[in-house]
Amino acid sequence: MAFSPTPQQRAIIEHTEGPVLVIAGPGSGKTFTLVQRITHLIVDKSVPTEQIFVATFTEKAANEIEDRIARELLSRNIVVNFDDMYIGTFHSICLKILEDNRDFTRLKKNFTVMDQFDQTYFFFQHLAEFEKVGQVADFVGSDKMSRWLKASTICDWMNKLSEELVNSEKLASDSHPKLQMLGKWHLLYQQLLEQENLLDFSMIQAETLRLFKNHEEAVLAPLRQKLRYFLIDEYQDTNTVQEKLIFSLLNENQNICVVGDDDQGLYRFRGATIRNILEFPDRFNKGQCAIFSLDVNFRSDPGIIDFYNKWMDGSVDNFSWAGENGEKFRFDKSIVPPSGKKGIANPVIKISGSIGANNWHEEVFDFLTSFRGEYLQDWNQVTFLFRSVKNDKV
């Protein structure tokens, strides 16, 4: 079934020139709008695929966008070569750039990219070398750690330093012992990576940025000239190095469209900063950045949408998004259902349990038992969501 864009979506699809920020609420047809915007660039504006840069956060999402674009174009009897388009995750796009320009990097032929386990195992293998620089126990204040946990701790910190582009040499000369230790660890880590011809996921991006900085004329300038349109999905989940990569590649036209929702910042534990989406319009001259909202939720029950709005604006528990100096840490928004959509009775039930951990299980069990029969036919209909699986209650 073919869908026609709503007036909100149509405005975003057709506003192709200059910087654009799209605040896309849940269930608002964000991917459909992105696909239609890219299709509009290719079909109506005759933009070659090699001039389009599309970044999202998972390979699955990238593959879905590419597949939907291909089907949309095929329905119009248009066939394009996606091999030339820069479409994928930030890591996969950066890896493509590094491979295409390997002669300008520290990397030798057949370099290896470590995944999460490989990287932790790398630190496990080299733990003695890192502990010559500084003891992990001194850093965390505990000597009751296994070798694997020590390796994992160093690994987490090294990734944070890479993602935030911290200057290791400055950190290594800091007066604070723990900061000094982090800096020296990171310098050692970079040295070992070069010796063994390795990259990790965080360093892929930092290495690409270093490539741009050291070889602006040979590498960055041609990319800036070629890439004319940027579309960044889930912008609320970008981190410092990803933002710098994007703005390094932008040419004077600044044709960039970022899509995200500050309410859905999922990857802050990986170094993502919500500041990127909140301050995006400020990166340009005043009034230059167009701001659009996708606020119609086609997916959820109207009662759930109403509860969401009240929860997020503080009506439920008096939470405030305002800072001490009056600054706002959230874009004003109110999600709405499609006109005329009917909802079910009582789609949301909010309960407040007591703080004590001892009776938490009993309270949940009593609550679920009260639903048994009338609402619940099978326990498999129940899903539990926790902030972390490390929570004792899990």
# chains A, B, ... in the order shown; residues from 1 in each chain; ligands from 1
>>> select_by_dssp(residues="stretch 236-282 of chain A", states="strand (DSSP E)", output="VMD selection string")
chain A and resid 256 to 260
>>> write_last_selection(atoms="all heavy atoms", output="mmCIF file, in the first residue's frame")
data_model
loop_
_atom_site.group_PDB
_atom_site.id
_atom_site.type_symbol
_atom_site.label_atom_id
_atom_site.label_comp_id
_atom_site.auth_asym_id
_atom_site.auth_seq_id
_atom_site.Cartn_x
_atom_site.Cartn_y
_atom_site.Cartn_z
ATOM 1 N N ILE A 256 22.328 20.087 5.304
ATOM 2 C CA ILE A 256 22.313 18.994 6.267
ATOM 3 C C ILE A 256 20.962 18.931 6.955
ATOM 4 O O ILE A 256 20.430 19.956 7.406
ATOM 5 C CB ILE A 256 23.447 19.144 7.313
ATOM 6 C CG1 ILE A 256 23.364 18.007 8.358
ATOM 7 C CG2 ILE A 256 23.439 20.519 7.974
ATOM 8 C CD1 ILE A 256 24.535 17.933 9.285
ATOM 9 N N CYS A 257 20.411 17.731 7.006
ATOM 10 C CA CYS A 257 19.144 17.490 7.694
ATOM 11 C C CYS A 257 19.391 16.473 8.806
ATOM 12 O O CYS A 257 19.820 15.348 8.526
ATOM 13 C CB CYS A 257 18.102 16.957 6.714
ATOM 14 S SG CYS A 257 16.538 16.459 7.490
ATOM 15 N N VAL A 258 19.195 16.880 10.053
ATOM 16 C CA VAL A 258 19.352 15.947 11.172
ATOM 17 C C VAL A 258 17.975 15.666 11.756
ATOM 18 O O VAL A 258 17.133 16.555 11.887
ATOM 19 C CB VAL A 258 20.320 16.481 12.260
ATOM 20 C CG1 VAL A 258 21.670 16.790 11.652
ATOM 21 C CG2 VAL A 258 19.771 17.695 12.977
ATOM 22 N N VAL A 259 17.747 14.398 12.078
ATOM 23 C CA VAL A 259 16.449 13.949 12.574
ATOM 24 C C VAL A 259 16.647 13.262 13.912
ATOM 25 O O VAL A 259 17.566 12.445 14.073
ATOM 26 C CB VAL A 259 15.797 12.960 11.582
ATOM 27 C CG1 VAL A 259 14.413 12.541 12.066
ATOM 28 C CG2 VAL A 259 15.705 13.573 10.194
ATOM 29 N N GLY A 260 15.824 13.590 14.875
ATOM 30 C CA GLY A 260 15.947 12.934 16.173
ATOM 31 C C GLY A 260 14.891 13.417 17.130
ATOM 32 O O GLY A 260 14.020 14.216 16.785
#
>>> residues_around(residues="stretch 370-378 of chain A", least_positions_apart="3", cutoff="12 Å", atoms="only C-alpha atoms", output="list of chain:residue names")
A:Ala345, A:Asn346, A:Pro347, A:Ile349, A:Glu363, A:Val364, A:Phe365, A:Asp366, A:Phe367, A:Gln381, A:Val382, A:Thr383
>>> residues_around(residues="A:Asp100", least_positions_apart="4", cutoff="12 Å", atoms="only C-alpha atoms", output="compact mmCIF listing (two decimals) with N, CA and C atoms, in the first residue's frame")
# COMPACT_ATOMS: atom_id res chain seq x y z
N ILE A 93 30.72 3.99 7.51
CA ILE A 93 31.09 5.05 6.57
C ILE A 93 32.54 5.48 6.79
N CYS A 94 32.91 5.65 8.07
CA CYS A 94 34.30 6.02 8.37
C CYS A 94 35.27 4.95 7.92
N LEU A 95 34.89 3.70 8.10
CA LEU A 95 35.74 2.59 7.68
C LEU A 95 35.94 2.61 6.16
N LYS A 96 34.88 2.92 5.44
CA LYS A 96 34.98 3.04 3.96
C LYS A 96 35.96 4.16 3.59
N PHE A 104 47.20 7.29 3.41
CA PHE A 104 47.40 8.52 4.18
C PHE A 104 47.28 8.29 5.69
N THR A 105 47.05 7.04 6.10
CA THR A 105 46.86 6.74 7.52
C THR A 105 48.04 5.92 8.06
N LEU A 107 47.61 2.99 9.06
CA LEU A 107 47.19 1.60 8.87
C LEU A 107 47.94 0.94 7.72
N LYS A 109 48.27 -2.67 5.19
CA LYS A 109 47.35 -3.56 4.49
C LYS A 109 46.84 -4.64 5.43
N THR A 208 39.54 8.63 11.49
CA THR A 208 39.02 9.34 10.32
C THR A 208 39.16 10.85 10.48
N LEU A 211 42.66 11.77 9.97
CA LEU A 211 42.95 11.75 8.53
C LEU A 211 42.52 13.07 7.89
N ALA A 218 44.36 16.61 0.31
CA ALA A 218 44.34 15.34 -0.43
C ALA A 218 43.07 14.52 -0.17
N VAL A 219 42.52 14.61 1.05
CA VAL A 219 41.39 13.75 1.41
C VAL A 219 40.12 14.53 1.69
N LEU A 223 36.30 15.25 -0.64
CA LEU A 223 35.04 14.76 -0.07
C LEU A 223 34.05 15.91 0.12
>>> select_by_dssp(residues="stretch 288-386 of chain A", states="helix (DSSP H, G or I)", output="PyMOL selection string")
chain A and resi 302-313+360-371+379-381
>>> residues_around(residues="A:Gly303", least_positions_apart="6", cutoff="12 Å", atoms="only C-alpha atoms", output="mmCIF file with N, CA, C and O atoms, in the first residue's frame")
data_model
loop_
_atom_site.group_PDB
_atom_site.id
_atom_site.type_symbol
_atom_site.label_atom_id
_atom_site.label_comp_id
_atom_site.auth_asym_id
_atom_site.auth_seq_id
_atom_site.Cartn_x
_atom_site.Cartn_y
_atom_site.Cartn_z
ATOM 1 N N ASN A 297 1.564 10.865 16.197
ATOM 2 C CA ASN A 297 1.959 9.484 16.477
ATOM 3 C C ASN A 297 0.902 8.547 15.890
ATOM 4 O O ASN A 297 -0.209 8.439 16.423
ATOM 5 N N ASN A 309 2.638 12.658 27.059
ATOM 6 C CA ASN A 309 2.769 14.117 27.108
ATOM 7 C C ASN A 309 2.803 14.635 28.534
ATOM 8 O O ASN A 309 3.627 15.489 28.892
ATOM 9 N N LYS A 310 1.910 14.115 29.370
ATOM 10 C CA LYS A 310 1.846 14.574 30.758
ATOM 11 C C LYS A 310 3.090 14.153 31.535
ATOM 12 O O LYS A 310 3.579 14.882 32.398
ATOM 13 N N ILE A 335 2.843 15.555 21.511
ATOM 14 C CA ILE A 335 2.531 14.505 20.543
ATOM 15 C C ILE A 335 1.022 14.307 20.494
ATOM 16 O O ILE A 335 0.348 14.324 21.530
ATOM 17 N N VAL A 336 0.478 14.106 19.286
ATOM 18 C CA VAL A 336 -0.970 13.931 19.138
ATOM 19 C C VAL A 336 -1.256 12.687 18.303
ATOM 20 O O VAL A 336 -0.441 12.286 17.459
ATOM 21 N N PRO A 337 -2.429 12.071 18.505
ATOM 22 C CA PRO A 337 -2.824 10.950 17.638
ATOM 23 C C PRO A 337 -3.423 11.487 16.349
ATOM 24 O O PRO A 337 -3.764 12.672 16.253
ATOM 25 N N LYS A 341 -8.839 9.088 15.593
ATOM 26 C CA LYS A 341 -8.442 7.751 16.045
ATOM 27 C C LYS A 341 -9.045 7.459 17.411
ATOM 28 O O LYS A 341 -8.897 8.238 18.342
ATOM 29 N N LYS A 342 -9.726 6.314 17.522
ATOM 30 C CA LYS A 342 -10.353 5.934 18.772
ATOM 31 C C LYS A 342 -9.395 5.079 19.603
ATOM 32 O O LYS A 342 -8.649 4.264 19.070
ATOM 33 N N GLY A 343 -9.467 5.258 20.912
ATOM 34 C CA GLY A 343 -8.586 4.504 21.799
ATOM 35 C C GLY A 343 -9.340 3.489 22.626
ATOM 36 O O GLY A 343 -10.578 3.475 22.658
ATOM 37 N N ILE A 344 -8.587 2.633 23.301
ATOM 38 C CA ILE A 344 -9.191 1.654 24.202
ATOM 39 C C ILE A 344 -9.331 2.275 25.590
ATOM 40 O O ILE A 344 -8.701 3.291 25.899
ATOM 41 N N ALA A 345 -10.152 1.666 26.419
ATOM 42 C CA ALA A 345 -10.343 2.184 27.773
ATOM 43 C C ALA A 345 -9.132 1.854 28.639
ATOM 44 O O ALA A 345 -8.608 0.741 28.587
ATOM 45 N N ASN A 346 -8.677 2.824 29.405
ATOM 46 C CA ASN A 346 -7.586 2.635 30.383
ATOM 47 C C ASN A 346 -6.350 1.961 29.790
ATOM 48 O O ASN A 346 -5.941 0.892 30.247
ATOM 49 N N PRO A 347 -5.730 2.544 28.763
ATOM 50 C CA PRO A 347 -4.544 1.907 28.181
ATOM 51 C C PRO A 347 -3.301 2.026 29.062
ATOM 52 O O PRO A 347 -2.330 1.298 28.864
ATOM 53 N N VAL A 348 -3.326 2.949 30.031
ATOM 54 C CA VAL A 348 -2.186 3.139 30.929
ATOM 55 C C VAL A 348 -2.663 3.075 32.371
ATOM 56 O O VAL A 348 -3.648 3.722 32.734
ATOM 57 N N ILE A 349 -1.984 2.276 33.168
ATOM 58 C CA ILE A 349 -2.254 2.230 34.608
ATOM 59 C C ILE A 349 -0.955 2.512 35.318
ATOM 60 O O ILE A 349 0.035 1.795 35.146
#
>>> residues_around(residues="stretch 166-181 of chain A", least_positions_apart="6", cutoff="12 Å", atoms="only C-alpha atoms", output="ChimeraX atom specification")
/A:130-141,154,157-160,187-191,206,240-241
>>> write_last_selection(atoms="N, CA and C atoms", output="PDB file, in the first residue's frame")
ATOM      1  N   PHE A 130      49.860  -2.248  30.923  1.00  0.00           N
ATOM      2  CA  PHE A 130      49.075  -1.105  31.400  1.00  0.00           C
ATOM      3  C   PHE A 130      49.264  -0.893  32.900  1.00  0.00           C
ATOM      4  N   GLU A 131      49.422  -1.997  33.632  1.00  0.00           N
ATOM      5  CA  GLU A 131      49.574  -1.854  35.086  1.00  0.00           C
ATOM      6  C   GLU A 131      50.982  -1.419  35.476  1.00  0.00           C
ATOM      7  N   LYS A 132      51.921  -1.480  34.541  1.00  0.00           N
ATOM      8  CA  LYS A 132      53.229  -0.852  34.778  1.00  0.00           C
ATOM      9  C   LYS A 132      53.087   0.669  34.779  1.00  0.00           C
ATOM     10  N   VAL A 133      52.124   1.150  33.989  1.00  0.00           N
ATOM     11  CA  VAL A 133      51.854   2.594  33.922  1.00  0.00           C
ATOM     12  C   VAL A 133      51.073   3.046  35.148  1.00  0.00           C
ATOM     13  N   GLY A 134      50.089   2.247  35.538  1.00  0.00           N
ATOM     14  CA  GLY A 134      49.264   2.587  36.695  1.00  0.00           C
ATOM     15  C   GLY A 134      48.362   1.424  37.058  1.00  0.00           C
ATOM     16  N   GLN A 135      48.203   1.168  38.332  1.00  0.00           N
ATOM     17  CA  GLN A 135      47.400   0.053  38.800  1.00  0.00           C
ATOM     18  C   GLN A 135      45.902   0.374  38.687  1.00  0.00           C
ATOM     19  N   VAL A 136      45.149  -0.569  38.117  1.00  0.00           N
ATOM     20  CA  VAL A 136      43.704  -0.385  37.999  1.00  0.00           C
ATOM     21  C   VAL A 136      43.072  -0.251  39.380  1.00  0.00           C
ATOM     22  N   ALA A 137      43.591  -1.017  40.347  1.00  0.00           N
ATOM     23  CA  ALA A 137      43.059  -0.963  41.711  1.00  0.00           C
ATOM     24  C   ALA A 137      43.174   0.445  42.300  1.00  0.00           C
ATOM     25  N   ASP A 138      44.286   1.128  42.005  1.00  0.00           N
ATOM     26  CA  ASP A 138      44.458   2.503  42.488  1.00  0.00           C
ATOM     27  C   ASP A 138      43.470   3.444  41.818  1.00  0.00           C
ATOM     28  N   PHE A 139      43.147   3.137  40.565  1.00  0.00           N
ATOM     29  CA  PHE A 139      42.248   4.017  39.817  1.00  0.00           C
ATOM     30  C   PHE A 139      40.810   3.913  40.320  1.00  0.00           C
ATOM     31  N   VAL A 140      40.351   2.677  40.574  1.00  0.00           N
ATOM     32  CA  VAL A 140      38.951   2.493  40.990  1.00  0.00           C
ATOM     33  C   VAL A 140      38.789   2.419  42.502  1.00  0.00           C
ATOM     34  N   GLY A 141      39.904   2.316  43.218  1.00  0.00           N
ATOM     35  CA  GLY A 141      39.818   2.277  44.674  1.00  0.00           C
ATOM     36  C   GLY A 141      39.426   0.921  45.227  1.00  0.00           C
ATOM     37  N   ILE A 154      39.564  -0.670  31.953  1.00  0.00           N
ATOM     38  CA  ILE A 154      40.457   0.135  31.107  1.00  0.00           C
ATOM     39  C   ILE A 154      39.816   0.350  29.740  1.00  0.00           C
ATOM     40  N   TRP A 157      37.132   3.103  29.689  1.00  0.00           N
ATOM     41  CA  TRP A 157      37.695   4.456  29.789  1.00  0.00           C
ATOM     42  C   TRP A 157      38.406   4.874  28.507  1.00  0.00           C
ATOM     43  N   MET A 158      39.100   3.942  27.865  1.00  0.00           N
ATOM     44  CA  MET A 158      39.797   4.277  26.629  1.00  0.00           C
ATOM     45  C   MET A 158      38.801   4.660  25.529  1.00  0.00           C
ATOM     46  N   ASN A 159      37.659   3.960  25.494  1.00  0.00           N
ATOM     47  CA  ASN A 159      36.631   4.293  24.509  1.00  0.00           C
ATOM     48  C   ASN A 159      36.048   5.686  24.757  1.00  0.00           C
ATOM     49  N   LYS A 160      35.843   6.023  26.019  1.00  0.00           N
ATOM     50  CA  LYS A 160      35.307   7.348  26.345  1.00  0.00           C
ATOM     51  C   LYS A 160      36.273   8.448  25.909  1.00  0.00           C
ATOM     52  N   LEU A 187      47.821   6.850  25.679  1.00  0.00           N
ATOM     53  CA  LEU A 187      49.002   6.953  24.818  1.00  0.00           C
ATOM     54  C   LEU A 187      49.588   5.569  24.538  1.00  0.00           C
ATOM     55  N   LEU A 188      49.664   4.739  25.583  1.00  0.00           N
ATOM     56  CA  LEU A 188      50.162   3.367  25.420  1.00  0.00           C
ATOM     57  C   LEU A 188      49.239   2.583  24.496  1.00  0.00           C
ATOM     58  N   TYR A 189      47.941   2.764  24.677  1.00  0.00           N
ATOM     59  CA  TYR A 189      46.961   2.053  23.860  1.00  0.00           C
ATOM     60  C   TYR A 189      47.134   2.391  22.376  1.00  0.00           C
ATOM     61  N   GLN A 190      47.269   3.674  22.073  1.00  0.00           N
ATOM     62  CA  GLN A 190      47.451   4.091  20.684  1.00  0.00           C
ATOM     63  C   GLN A 190      48.738   3.512  20.100  1.00  0.00           C
ATOM     64  N   GLN A 191      49.773   3.441  20.919  1.00  0.00           N
ATOM     65  CA  GLN A 191      51.053   2.884  20.476  1.00  0.00           C
ATOM     66  C   GLN A 191      50.910   1.398  20.142  1.00  0.00           C
ATOM     67  N   ALA A 206      37.811   8.401  15.388  1.00  0.00           N
ATOM     68  CA  ALA A 206      38.913   9.312  15.724  1.00  0.00           C
ATOM     69  C   ALA A 206      39.987   9.270  14.653  1.00  0.00           C
ATOM     70  N   THR A 240      30.575  13.425  20.540  1.00  0.00           N
ATOM     71  CA  THR A 240      31.443  14.540  20.133  1.00  0.00           C
ATOM     72  C   THR A 240      32.170  14.273  18.823  1.00  0.00           C
ATOM     73  N   VAL A 241      32.784  13.103  18.697  1.00  0.00           N
ATOM     74  CA  VAL A 241      33.574  12.823  17.497  1.00  0.00           C
ATOM     75  C   VAL A 241      32.683  12.747  16.264  1.00  0.00           C
TER      76      VAL A 241
END
>>> closest_residue(among="A:Phe319, A:Lys244, A:Ser152, A:Lys144", to="A:Phe124", atoms="only C-alpha atoms")
A:Ser152
>>> closest_residue(among="A:Thr89, A:Thr112, A:Gln242, A:Ser315", to="A:Ser162", atoms="only C-alpha atoms")
A:Gln242
>>> closest_residue(among="A:His15, A:Arg147, A:Arg299, A:Arg275", to="A:Phe329", atoms="only C-alpha atoms")
A:Arg275
>>> closest_atom_pairs(of="stretch 58-107 of chain A", to="stretch 25-32 of chain A", cutoff="10 Å", atoms="only C-alpha atoms", output="JSON lines")
{"residue": "A:Ala61", "atom": "CA", "partner": "A:Thr31", "partner_atom": "CA", "distance": 9.0}
{"residue": "A:Glu64", "atom": "CA", "partner": "A:Thr31", "partner_atom": "CA", "distance": 9.0}
{"residue": "A:Ile65", "atom": "CA", "partner": "A:Thr31", "partner_atom": "CA", "distance": 7.1}
{"residue": "A:Arg68", "atom": "CA", "partner": "A:Phe32", "partner_atom": "CA", "distance": 8.5}
{"residue": "A:Ile69", "atom": "CA", "partner": "A:Phe32", "partner_atom": "CA", "distance": 9.5}
>>> write_last_selection(atoms="N, CA, C and O atoms", output="mmCIF file, in the first residue's frame")
data_model
loop_
_atom_site.group_PDB
_atom_site.id
_atom_site.type_symbol
_atom_site.label_atom_id
_atom_site.label_comp_id
_atom_site.auth_asym_id
_atom_site.auth_seq_id
_atom_site.Cartn_x
_atom_site.Cartn_y
_atom_site.Cartn_z
ATOM 1 N N ALA A 61 19.057 -0.553 10.626
ATOM 2 C CA ALA A 61 18.348 0.657 10.213
ATOM 3 C C ALA A 61 18.858 1.150 8.863
ATOM 4 O O ALA A 61 18.065 1.565 7.998
ATOM 5 N N GLU A 64 17.560 -1.075 6.162
ATOM 6 C CA GLU A 64 16.127 -0.839 5.943
ATOM 7 C C GLU A 64 15.902 0.412 5.085
ATOM 8 O O GLU A 64 15.101 0.407 4.149
ATOM 9 N N ILE A 65 16.633 1.488 5.410
ATOM 10 C CA ILE A 65 16.499 2.722 4.634
ATOM 11 C C ILE A 65 16.899 2.489 3.178
ATOM 12 O O ILE A 65 16.201 2.896 2.244
ATOM 13 N N ARG A 68 14.260 0.393 1.380
ATOM 14 C CA ARG A 68 13.028 1.136 1.110
ATOM 15 C C ARG A 68 13.230 2.174 0.001
ATOM 16 O O ARG A 68 12.321 2.415 -0.805
ATOM 17 N N ILE A 69 14.414 2.773 -0.051
ATOM 18 C CA ILE A 69 14.710 3.711 -1.151
ATOM 19 C C ILE A 69 14.711 2.952 -2.484
ATOM 20 O O ILE A 69 14.133 3.412 -3.477
#
>>> residues_around(residues="stretch 49-54 of chain A", least_positions_apart="3", cutoff="6 Å", atoms="only C-alpha atoms", output="PDB file with N, CA and C atoms, in the first residue's frame")
ATOM      1  N   ASP A  84      27.951   3.639  -4.504  1.00  0.00           N
ATOM      2  CA  ASP A  84      28.639   4.926  -4.454  1.00  0.00           C
ATOM      3  C   ASP A  84      28.094   5.845  -3.366  1.00  0.00           C
ATOM      4  N   MET A  85      26.924   5.498  -2.826  1.00  0.00           N
ATOM      5  CA  MET A  85      26.331   6.358  -1.800  1.00  0.00           C
ATOM      6  C   MET A  85      26.981   6.093  -0.442  1.00  0.00           C
ATOM      7  N   TYR A  86      27.229   7.158   0.292  1.00  0.00           N
ATOM      8  CA  TYR A  86      27.746   7.017   1.654  1.00  0.00           C
ATOM      9  C   TYR A  86      26.550   6.805   2.577  1.00  0.00           C
ATOM     10  N   ILE A  87      26.150   5.539   2.741  1.00  0.00           N
ATOM     11  CA  ILE A  87      24.999   5.214   3.564  1.00  0.00           C
ATOM     12  C   ILE A  87      25.354   4.068   4.506  1.00  0.00           C
ATOM     13  N   LYS A 226      32.549  16.741  -3.173  1.00  0.00           N
ATOM     14  CA  LYS A 226      31.659  15.721  -3.727  1.00  0.00           C
ATOM     15  C   LYS A 226      30.343  15.618  -2.968  1.00  0.00           C
ATOM     16  N   LEU A 227      30.403  15.612  -1.631  1.00  0.00           N
ATOM     17  CA  LEU A 227      29.203  15.380  -0.822  1.00  0.00           C
ATOM     18  C   LEU A 227      28.397  16.673  -0.681  1.00  0.00           C
ATOM     19  N   ARG A 228      27.148  16.640  -1.163  1.00  0.00           N
ATOM     20  CA  ARG A 228      26.328  17.862  -1.186  1.00  0.00           C
ATOM     21  C   ARG A 228      25.147  17.814  -0.218  1.00  0.00           C
ATOM     22  N   TYR A 229      24.675  16.618   0.118  1.00  0.00           N
ATOM     23  CA  TYR A 229      23.493  16.495   0.974  1.00  0.00           C
ATOM     24  C   TYR A 229      23.741  15.476   2.091  1.00  0.00           C
ATOM     25  N   PHE A 230      23.493  15.909   3.322  1.00  0.00           N
ATOM     26  CA  PHE A 230      23.706  15.059   4.495  1.00  0.00           C
ATOM     27  C   PHE A 230      22.374  14.821   5.211  1.00  0.00           C
ATOM     28  N   LEU A 231      22.135  13.577   5.566  1.00  0.00           N
ATOM     29  CA  LEU A 231      20.965  13.222   6.375  1.00  0.00           C
ATOM     30  C   LEU A 231      21.440  12.352   7.532  1.00  0.00           C
ATOM     31  N   ILE A 232      21.235  12.818   8.737  1.00  0.00           N
ATOM     32  CA  ILE A 232      21.701  12.102   9.930  1.00  0.00           C
ATOM     33  C   ILE A 232      20.496  11.684  10.767  1.00  0.00           C
TER      34      ILE A 232
END
>>> residues_around(residues="A:Glu72", least_positions_apart="6", cutoff="9 Å", atoms="only C-alpha atoms", output="list of chain:residue names")
A:Val35, A:Gln36, A:Thr39, A:Ile78
>>> atom_distance(atom1="atom CA of A:Gln236", atom2="atom CA of A:Ala55")
12.8 Å
>>> atom_distance(atom1="atom CA of A:Lys393", atom2="atom CA of A:Trp311")
23.5 Å
